[in-house]
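Some notes on the structure that comes next.
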Amino acid sequence: MSPVRPQIRIRRPGRLLAEAAALVIALVVAFPLYWMVLSAFKPAGEIQSKEARPWTLSPSLDSFRRVFRQEEFGGYFVNSLIVACTVVVASALIAFLAATAVTRFRFTFRTTLLIMFLVAQMVPIEALTIPLFFLMRDLGQLNTLGSLILPHIAFSLPFAIWMLRGFVKAVPEALEEAAYIDGASRARFLWQILFPLVLPGLVATSVFSFISTWNDFLFAKSFIISDTSQSTLPMALLVFFKPDENDWGGIMAGSTVMTVPVLVFFVLVQRRLVSGLGGAVKD
Amino acid sequence: MAYKSAAAEPAVVPAGTTARPPATKPRTSGRPPRRRGTWTPWLYLAPALVVLAALLVYPIYQLGLISFLEYTQAQVSGGEPTTFQGLGNYRALFADGQFWQVLLATLLFAAACVVSTLAVGCALAVLLTRVRALPRLALMLAALGAWATPAITGSTVWVFLFDPDYGPVNRLLGLGDFSWTYGRFSAFALVLFEVVWCSFPFVMVTVYAGIKAIPGEVLEAASLDGASQWRIWRSVTAPMLRPILVVVTIQSVIWDFKVFTQIYVMTNGGGIAGQNLVLNVYAYQKAFASSQYSLGSAIGVVMLVILLAVTLVYLRLLRRQGEEI
């Protein structure tokens with residue numbers, strides 16, 4: 001851990017108070033997730049009691065069973081994974097090439113392009129649902145995973161390029177020259193030297209494209225209208241909202257299944273994410 | 001040096017963009033002046049530009065176009081010809097009292113979200129610098145958990161936490177069977193809690209990284225010169241953090257202005273009688289629920305214009321800070 005900074009010259013009681021506050025806040029922040037997992041494991045009777053106890057004496061897998069017995073759920077999960085992984089890989093590769101172009105070459109319109117990538121990040125994806133609906137219809141992509149994959153690649157690209165720029169820039173130019181002097185081709189330098197070096201940056205950008213794609217609710221709702229076998233997890237969750245009585249056990253179990261992959265991904269790349277963010281911000 | 005013909009360039013690249021040899025850049029000097037050098041960057045950019053042109057630029061053009069047409073179910077199914085309306089859709093939109101109400105609600109709601117997120121995020125970032133490793137790790141992990149939670153599951157969990165019958169919050173606060181989603185303000189407040197919960201971590205982590213990046217000697221010198229904690233924060237830390245604060249503020253504005261999933265899921269499509277609509281849920285309802293695609297598009301254009309204005313402010317701030325693009 002980093003050494004204590006000079007500005008933290010507080011007397012002990014002050015620090016203990018700060019630490020107590022930090023722990024309490026951590027508990028409050030973590031509580032919704034705890035409640036989600038807890039409720040997913042509660043038997044139906046306990047969920048419907050007015051007690052709302054923060055523990056359960058008889059954990060049960062009933063809610064999970066109900067969720068997975070609902071035929072499409074497993075398929076939805078696989079669909080979500082396919083969409084998110086395709087978007088992550090495709091946008092990482094495309095953004096890597098583009099980031100290399102704008103950092104290691106000087107050409108006309110370079111600055112213009114960079115500003116356009118910045119502006120593109122601000123475009124509200126929600127506002128484009130209507131034209132994208134018609135575009136996907138014309139491309140014959142409605143009710144296919146393609147209608148979710150294609151727009152999300154486009155929407156993750158500008159941010160990924162912008163973020164990767166710092167990582168590509170950080171690779172010393174001398175390395176590139178040395179590679180060429182040793183007779184490496186451009187492609188060889190690109191994929192065998194530069195690519196592994198910026199991999200940490202790609203991990204950080206992947207987190208963002210994974211999350212925004214995995215989260216997508218609007219496109220799944222708008223573009224997958226008749227063939228529900230092509231739908232994704234958020235839509236599966238909605239099945240458990242019922243007009244008369246919501247199936248909270250099912251909703252919480254479904255939410256848990258949907259959240260865990262992202263949590264695992266986050267924990268795995270946590271360090272790189274934080275350093276990646278630092279790098280992108282300082283850049 | 002022979003220049004490539006424009007014909008072999010990707011279609012989205014304006015002609016004539018290759019007319020500068022790479023020799024202006026010293027790093028290419030060690031390489032043979034192959035003519036590939038001129039168009040290599042465009043080759044690398046081609047996939048990105050094709051994807052962005054097809055799925056971002058073209059839809060934006062289409063959005064604008066549809067907003068000037070009459071485009072309802074009849075035109076979509078080909079039953080009736082599409083007619084040009086000029087500014088008709090916008091006139092109809094601006095004459096509708098509900099639009100102004102939704103616009104105002106969107107701006108106020110986004111502002112409340114941004115202010116709360118920044119306040120919580122910055123306060124906790126400062127708190128993180130004042131505690132030892134263990135409490136810091138606990139808070140970091142909890143925040144990462146909230147950050148990673150998909151918007152839709154965050155929404156379902158928060159609705160459940162505040163459920164009048166089965167949620168723990170009402171019991172804890174002794175609110176009985178008070179329904180949060182029934183009233184306009186309580187429903188917006190509930191969504192605000194969820195939005196702050198899932199978006200403060202980005203602010204906290206980024207600002208914390210920024211504070212850690214300030215060299216310790218600077219702060220030490222200030223405190224040796226007898227500056228108070230507040231004075232150090234105001235005169236040393238805050239100015240050095242400004243670039244980061246600009247980034248997180250603008251990101252929050254953009255993000256909170258576009259909240260869709262939370263409103264849609266937590267208030268069941270915009271609240272009772274549409275009392276919790278924000279612009280993009282409103283656009284969605286107009287387009288997909290009542291098949292008024294042109295009105296929905298006009299609302300989309302309004303959103304686009306507002307966000308572009310924010311972007312211009314952002315660019316100006318970046319420029320003023322001397323950011324080299």
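Identifiers in this document derive from the order of the structure tokens: chains are assigned A, B, ..., residues are numbered from 1 separately in each chain, and ligands are numbered from 1 in order of occurrence.
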Quick one: DSSP helix (DSSP H, G or I) residues in segment 2-90 of chain A, as JSON, numbers by chain?
{"A": [6, 7, 8, 12, 13, 14, 15, 16, 17, 18, 19, 20, 21, 22, 23, 24, 25, 26, 27, 28, 29, 30, 31, 32, 33, 34, 35, 36, 37, 38, 39, 40, 41, 44, 45, 46, 47, 62, 63, 64, 65, 66, 67, 68, 69, 72, 73, 74, 75, 76, 77, 78, 79, 80, 81, 82, 83, 84, 85, 86, 87, 88, 89, 90]}
Quick one: residues within 9 Å of Ala154 of chain A, only C-alpha atoms, excluding same-chain residues fewer than 6 positions away - as a ChimeraX atom specification?
/A:91 /B:48,51-56
Find the residues of segment 188-279 of chain B that sit at most 12 Å from segment 214-225 of chain A; for each, write down the nearest two atoms and how far apart they are in Å, to one decimal. Count only C-alpha atoms. Sort by chain, then by number going up, and give it as CSV.
residue,atom,partner,partner_atom,distance
B:Lys258,CA,A:Leu218,CA,11.8
B:Val259,CA,A:Leu218,CA,11.0
B:Phe260,CA,A:Leu218,CA,7.9
B:Thr261,CA,A:Phe217,CA,6.6
B:Gln262,CA,A:Phe217,CA,10.1
B:Ile263,CA,A:Leu218,CA,11.7
B:Tyr264,CA,A:Leu218,CA,9.4
B:Val265,CA,A:Phe217,CA,9.7
B:Gly269,CA,A:Leu218,CA,11.7
Measuring between only C-alpha atoms, which one of A:Val123, A:Val267, A:Ile161, A:Ile115 shows the shortest distance to Arg319 of chain B?
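Once distances to Arg319 of chain B are computed over only C-alpha atoms, the minimum belongs to A:Ile115.
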Option closest in space to Met258 of chain A, from A:Ser80, A:Thr111, A:Asn143, A:Ser209 [counting only C-alpha atoms]
A:Ser80
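Between chain B and the candidates A:Tyr34, A:Ser255, A:Asp62, A:Phe167, the tightest atom-to-atom separation, counting only C-alpha atoms, involves A:Ser255.
Checking B:Gly176, B:Pro41, B:Pro47, B:Pro59 one by one against Ile125 of chain A, counting only C-alpha atoms, you find the shortest gap at B:Pro59.
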Counting only C-alpha atoms, what are the residues of segment 219-275 of chain B within 12 Å of segment 100-116 of chain B, and for each of them which pair of atoms is the nearest and at what distance in Å, to one decimal? Sort the table by chain and rising number, as JSON lines.
{"residue": "B:Val248", "atom": "CA", "partner": "B:Val114", "partner_atom": "CA", "distance": 9.6}
{"residue": "B:Thr249", "atom": "CA", "partner": "B:Val114", "partner_atom": "CA", "distance": 7.3}
{"residue": "B:Ile250", "atom": "CA", "partner": "B:Val114", "partner_atom": "CA", "distance": 9.1}
{"residue": "B:Gln251", "atom": "CA", "partner": "B:Val114", "partner_atom": "CA", "distance": 9.3}
{"residue": "B:Ser252", "atom": "CA", "partner": "B:Val114", "partner_atom": "CA", "distance": 5.7}
{"residue": "B:Val253", "atom": "CA", "partner": "B:Val114", "partner_atom": "CA", "distance": 6.0}
{"residue": "B:Ile254", "atom": "CA", "partner": "B:Ala110", "partner_atom": "CA", "distance": 8.9}
{"residue": "B:Trp255", "atom": "CA", "partner": "B:Ala110", "partner_atom": "CA", "distance": 8.6}
{"residue": "B:Asp256", "atom": "CA", "partner": "B:Ala110", "partner_atom": "CA", "distance": 5.1}
{"residue": "B:Phe257", "atom": "CA", "partner": "B:Ala110", "partner_atom": "CA", "distance": 5.2}
{"residue": "B:Lys258", "atom": "CA", "partner": "B:Ala110", "partner_atom": "CA", "distance": 8.4}
{"residue": "B:Val259", "atom": "CA", "partner": "B:Ala110", "partner_atom": "CA", "distance": 8.4}
{"residue": "B:Phe260", "atom": "CA", "partner": "B:Thr106", "partner_atom": "CA", "distance": 11.0}
{"residue": "B:Ile263", "atom": "CA", "partner": "B:Phe109", "partner_atom": "CA", "distance": 10.9}
{"residue": "B:Gly270", "atom": "CA", "partner": "B:Val102", "partner_atom": "CA", "distance": 10.4}
{"residue": "B:Gly274", "atom": "CA", "partner": "B:Val102", "partner_atom": "CA", "distance": 9.0}
{"residue": "B:Gln275", "atom": "CA", "partner": "B:Val102", "partner_atom": "CA", "distance": 8.4}
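Counting from atom CA of Ala40 of chain A, the distance to atom CA of Gly254 of chain A is 8.0 Å.
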So that I can see what lies close to Asn170 of chain B, please list as number ranges by chain the residues with an atom at most 12 Å from it, counting only C-alpha atoms and leaving out residues fewer than 5 positions away in the same chain.
A: 50-52; B: 159-165, 175-180
So that I can check the secondary structure, give me every residue of segment 53-206 of chain B assigned strand (DSSP E or B) by backbone DSSP, as a CSV table (one decimal) with C-alpha atoms, in the first residue's frame.
chain,number,residue,atom,x,y,z
B,69,LEU,CA,-41.7,13.5,-42.6
B,70,GLU,CA,-45.0,12.2,-41.7
B,83,THR,CA,-45.1,13.1,-47.1
B,84,PHE,CA,-42.8,16.0,-46.2
Pairwise distance, atom CA of Ala238 of chain B with atom CA of Leu141 of chain B, equals 25.8 Å
Would you compute the distance between atom CA of Ile47 of chain A and atom CA of Trp248 of chain A? Give it in Å to one decimal.
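A separation of 7.4 Å between them.
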